[in-house]
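Please read the structure below before turning to the comments.
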Amino acid sequence: MVEDVSYTYQPPCSPVIINQGDLDYLADQQVPLISDSKKRKGPNLMNRIVVSPYHQPVLICFIVLFCISLLSFGPYFASDSTSALEMFIRNALHIDGAQFGLLGSVSLFSGVPFVLIGGYITDRLGNRYSVVIFGLLFTMGAAITALGATISSFWVMLAGGFVFGLGSQASYVVRNNICIEWFESTKFFGLAMGLSLTVPRLGTISVFSSMVPIANWTHHYVYGLWLASLLCIVSFCAGLAWILLDVAAKRKFFGKLAPSHHLTAMEVDGAARLGEKKGFLNRLGIAHPRNFSWGYWLCLIISVSIYAGLSPFLSLTGEYIAEKFKISVEVANWCLSLIDLTSLILTPLLGFVVDFTGKRGWLIFVGNLIGICGYLILGFTDFSPIYGAVIVGIHFALVPAALWPTLPLLTDRAFSGFAFALVCAAIATSLIGCNPLVGYLGDHYGLQAITIYSSGCAAFSALVTLAWCLLDLMSATPFLNRRGQT
């Protein structure tokens with residue numbers, strides 16, 4: 001009887017979106033939604049069922065979106081707080097550049113390996129438990145860092161940064177997973193993903209504009225670190241608020257089902273993980289590489305290519321831009337900040353464009369072409385660096401706005417947390433080698449070499465995207481550029 005149910009088109013590896021009417025139909029046909037997977041024969045229906053959204057008013061959905069976006073605001077702010085206070089910390093603790101570099105990177109050393117563990121925890125325990133675990137970790141880490149600054153202890157600050165990295169990186173995976181759970185089947189999934197990326201970026205922008213004035217006003221830098229700790233507490237509270245809303249929404253949605261077919265909140269969270277699990281990795285709940293489609297691996301390559309070209313460009317080219325255009329380093333850094341500011345404004349709007357057109361693959365391709373133009377304008381023309389920075393900002397807004405909503409379509413929901421974690425870990429790992437490479441290019445060959453490198457990364461990403469679009473068109477079930485297939 002299950003095969004007679006008519007569902008809308010779903011791309012490969014995506015969940016079947018089941019609504020209240022479908023649940024009522026299955027209940028009338030006496031189809032057991034939860035059963036013992038060891039005794040179950042035939043295809044596992046629950047392995048691909050996600051109940052989303054929970055038929056809530058639009059206002060409630062946007063409150064949820066605000067909560068999950070705010071979940072990452074505090075960690076984003078705190079992760080850059082020490083960098084913004086570099087001179088104050090070095091003078092107060094009497095440490096050299098190498099020690100300060102260790103203090104700034106210790107969160108990455110702990111966060112990059114743990115983000116994979118965090119993805120595993122998210123898939124096994126669900127989003128609610130993950131919010132609590134990772135929220136406690138990044139909140140405690142920020143507080144320990146501020147405490148170390150208060151008592152002028154470099155090693156306590158280092159320990160705080162280590163603990164902070166354990167929770168902050170993994171919390172980004174949970175944020176994306178929650179956004180998928182609530183908004184994947186809606187018509188504004190791209191807009192939701194764009195907003196969830198925009199609000200945390202406000203933390204990155206605001207930390208560099210607020211930390212030094214706070215330190216000057218209070219005559220001590222430690223108050224800025226305690227502010228970062230306070231914002232992490234606010235982010236953790238926002239995560240707890242989302243848990244309450246999620247519990248209430250699921251209880252409301254499933255309250256009208258017949259008792260024999262009632263799904264508890266825990267069963268819904270774990271529904272996508274039911275079914276036969278063959279092999280050592282699957283028995284552990286870890287995604288085997290064959291669980292991911294070829295489209296997922298292309299998406300990972302595109303993500304790494306984009307951020308490998310953009311992140312070093314943002315962090316290391318201020319001095320070289322100042323030298324080329326005969327401006328001060330402060331003005332050059334301000335021009336570079338326009339990249340973040342442009343992406344901050346345009347990402348939600350371009351997310352809406354992605355929802356409206358559905359042309360995810362072609363938008364990623366166009367975004368990469370725009371990035372190539374922006375890099376080359378900065379490196380090989382005498383136009384004001386403002387123009388090139390704004391164009392690169394459009395690239396930084398369009399590509400993520402189209403790329404991140406595509407990723408959930410390419411993975412089994414049972415492993416969505418690990419899938420996001422693997423992409424984040426790959427990006428962070430690539431930066432370990434790309435940052436020194438860009439620094440070497442700048443020191444020996446100048447800004448033009450850096451722009452060639454960054455535009456080359458965007459060109460490679462564009463070629464992979466073009467191949468992906470063509471392969472998708474030739475497939476039996478094309479979905480990459482079809483409207484409404486989120």
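In the structure tokens, chains take the letters A, B, ... in the order shown, each chain's residues start at 1, and ligands count up from 1 in the order shown.
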
Next on the checklist: Quick one: residues within 6 Å of range 202-219 of chain A, only C-alpha atoms, excluding same-chain residues fewer than 2 positions away - as a PyMOL selection string?
Outcome noted: chain A and resi 73+76-77+84+199-200+221+224

Could you turn the residues from that selection into a file that holds N, CA and C atoms, as an mmCIF file, in the first residue's frame?
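Once written, result01.cif looks like this:
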```cif
data_model
loop_
_atom_site.group_PDB
_atom_site.id
_atom_site.type_symbol
_atom_site.label_atom_id
_atom_site.label_comp_id
_atom_site.auth_asym_id
_atom_site.auth_seq_id
_atom_site.Cartn_x
_atom_site.Cartn_y
_atom_site.Cartn_z
ATOM 1 N N PHE A 73 26.187 33.454 16.466
ATOM 2 C CA PHE A 73 26.673 34.824 16.563
ATOM 3 C C PHE A 73 27.766 34.950 17.626
ATOM 4 N N TYR A 76 31.108 33.233 16.603
ATOM 5 C CA TYR A 76 31.793 34.023 15.572
ATOM 6 C C TYR A 76 32.464 35.239 16.202
ATOM 7 N N PHE A 77 31.763 35.922 17.098
ATOM 8 C CA PHE A 77 32.311 37.104 17.760
ATOM 9 C C PHE A 77 33.523 36.729 18.615
ATOM 10 N N ALA A 84 41.383 40.804 17.392
ATOM 11 C CA ALA A 84 41.103 42.239 17.436
ATOM 12 C C ALA A 84 41.865 42.936 18.557
ATOM 13 N N VAL A 199 23.608 36.466 9.888
ATOM 14 C CA VAL A 199 23.640 36.923 11.277
ATOM 15 C C VAL A 199 24.975 36.615 11.951
ATOM 16 N N PRO A 200 25.536 35.400 11.807
ATOM 17 C CA PRO A 200 26.864 35.171 12.411
ATOM 18 C C PRO A 200 27.949 36.076 11.844
ATOM 19 N N TYR A 221 41.710 45.586 28.342
ATOM 20 C CA TYR A 221 41.170 44.778 27.249
ATOM 21 C C TYR A 221 40.298 43.628 27.735
ATOM 22 N N GLY A 224 36.487 43.381 26.984
ATOM 23 C CA GLY A 224 36.059 42.927 25.668
ATOM 24 C C GLY A 224 35.921 41.417 25.603
#
```

Please report as a Markdown table every residue of range 100-136 of chain A lying within 9 Å of range 162-172 of chain A, along with the nearest atom pair and their distance in Å (one decimal), using only C-alpha atoms.
```
| residue | atom | partner | partner_atom | distance |
| --- | --- | --- | --- | --- |
| A:Leu103 | CA | A:Phe162 | CA | 9.0 |
| A:Val106 | CA | A:Phe162 | CA | 5.6 |
| A:Ser107 | CA | A:Gly165 | CA | 3.9 |
| A:Leu108 | CA | A:Gly165 | CA | 6.1 |
| A:Phe109 | CA | A:Phe162 | CA | 7.7 |
| A:Ser110 | CA | A:Gly165 | CA | 5.5 |
| A:Gly111 | CA | A:Gly165 | CA | 4.4 |
| A:Val112 | CA | A:Gln169 | CA | 7.2 |
| A:Pro113 | CA | A:Leu166 | CA | 8.7 |
| A:Phe114 | CA | A:Leu166 | CA | 6.0 |
| A:Val115 | CA | A:Ala170 | CA | 4.8 |
| A:Leu116 | CA | A:Ala170 | CA | 7.9 |
| A:Ile117 | CA | A:Ala170 | CA | 8.2 |
| A:Gly118 | CA | A:Ala170 | CA | 5.1 |
| A:Gly119 | CA | A:Ala170 | CA | 6.9 |
| A:Thr122 | CA | A:Ala170 | CA | 8.9 |
| A:Ser130 | CA | A:Ser171 | CA | 7.8 |
| A:Val131 | CA | A:Ser171 | CA | 7.0 |
| A:Ile133 | CA | A:Gly167 | CA | 7.6 |
| A:Phe134 | CA | A:Gly167 | CA | 4.3 |
| A:Gly135 | CA | A:Gly167 | CA | 6.4 |
| A:Leu136 | CA | A:Gly167 | CA | 7.5 |
```

Next on the checklist: Residues near Thr145 in chain A, anyone? I mean within 9 Å using only C-alpha atoms, not counting same-chain ones fewer than 4 positions away, as an MDAnalysis selection string.
Outcome noted: chainID A and resid 140:141 149:150 156:161 164 225:226 229

What would the file look like if the residues just selected were written as a CSV table (one decimal), in the first residue's frame with N, CA, C and O atoms?
```csv
chain,number,residue,atom,x,y,z
A,140,MET,N,31.8,27.7,27.9
A,140,MET,CA,32.8,27.5,28.9
A,140,MET,C,34.2,27.9,28.4
A,140,MET,O,35.0,28.5,29.1
A,141,GLY,N,34.4,27.6,27.1
A,141,GLY,CA,35.7,28.0,26.5
A,141,GLY,C,35.9,29.5,26.5
A,141,GLY,O,37.0,30.0,26.9
A,149,ALA,N,42.6,35.9,30.8
A,149,ALA,CA,43.0,37.3,30.7
A,149,ALA,C,42.9,38.1,31.9
A,149,ALA,O,43.8,39.0,32.2
A,150,THR,N,41.9,37.8,32.8
A,150,THR,CA,41.7,38.5,34.0
A,150,THR,C,42.9,38.3,35.0
A,150,THR,O,43.4,39.2,35.7
A,156,VAL,N,46.1,29.6,30.8
A,156,VAL,CA,44.7,29.5,31.0
A,156,VAL,C,43.9,29.9,29.8
A,156,VAL,O,42.9,29.3,29.3
A,157,MET,N,44.4,31.0,29.2
A,157,MET,CA,43.8,31.5,27.9
A,157,MET,C,43.9,30.5,26.8
A,157,MET,O,43.0,30.2,26.0
A,158,LEU,N,45.0,29.8,26.8
A,158,LEU,CA,45.3,28.8,25.8
A,158,LEU,C,44.3,27.6,26.0
A,158,LEU,O,43.7,27.0,25.0
A,159,ALA,N,44.1,27.2,27.2
A,159,ALA,CA,43.2,26.1,27.5
A,159,ALA,C,41.7,26.5,27.2
A,159,ALA,O,41.0,25.7,26.7
A,160,GLY,N,41.4,27.8,27.4
A,160,GLY,CA,40.1,28.3,27.1
A,160,GLY,C,39.8,28.2,25.6
A,160,GLY,O,38.8,27.8,25.1
A,161,GLY,N,40.9,28.6,24.8
A,161,GLY,CA,40.7,28.6,23.4
A,161,GLY,C,40.6,27.1,22.9
A,161,GLY,O,39.8,26.9,21.9
A,164,PHE,N,37.0,26.1,23.7
A,164,PHE,CA,36.1,26.9,22.8
A,164,PHE,C,36.1,26.3,21.4
A,164,PHE,O,35.0,26.2,20.8
A,225,LEU,N,36.8,40.7,26.2
A,225,LEU,CA,36.7,39.2,26.3
A,225,LEU,C,35.6,38.8,27.1
A,225,LEU,O,34.9,37.7,26.8
A,226,TRP,N,35.3,39.5,28.2
A,226,TRP,CA,34.1,39.1,29.0
A,226,TRP,C,32.8,39.4,28.2
A,226,TRP,O,31.8,38.7,28.3
A,229,SER,N,32.3,36.5,26.0
A,229,SER,CA,31.8,35.4,26.8
A,229,SER,C,30.3,35.6,27.1
A,229,SER,O,29.5,34.6,27.0
```

Checklist entry - Can you tell me, as a list in words, what residues are no more than 10 Å from Leu363 in chain A when counting only C-alpha atoms, ignoring any on the same chain fewer than 5 positions away? => result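 These residues fall inside the cut-off: Leu350, Val353, Val354, Thr357, Gly358, Asn368, Leu369, Leu398, Val399, Pro400, Ala401, Ala402, Leu403, Thr465 and Asn481 of chain A.
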
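If you measure from each of A:Ala467, A:Leu341, A:Leu316, A:Ala248 to Gly439 in chain A using only C-alpha atoms, the closest one turns out to be A:Leu316.
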
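Straight-line separation from CA of Gly371 in chain A to CA of Pro312 in chain A: 14.4 Å.
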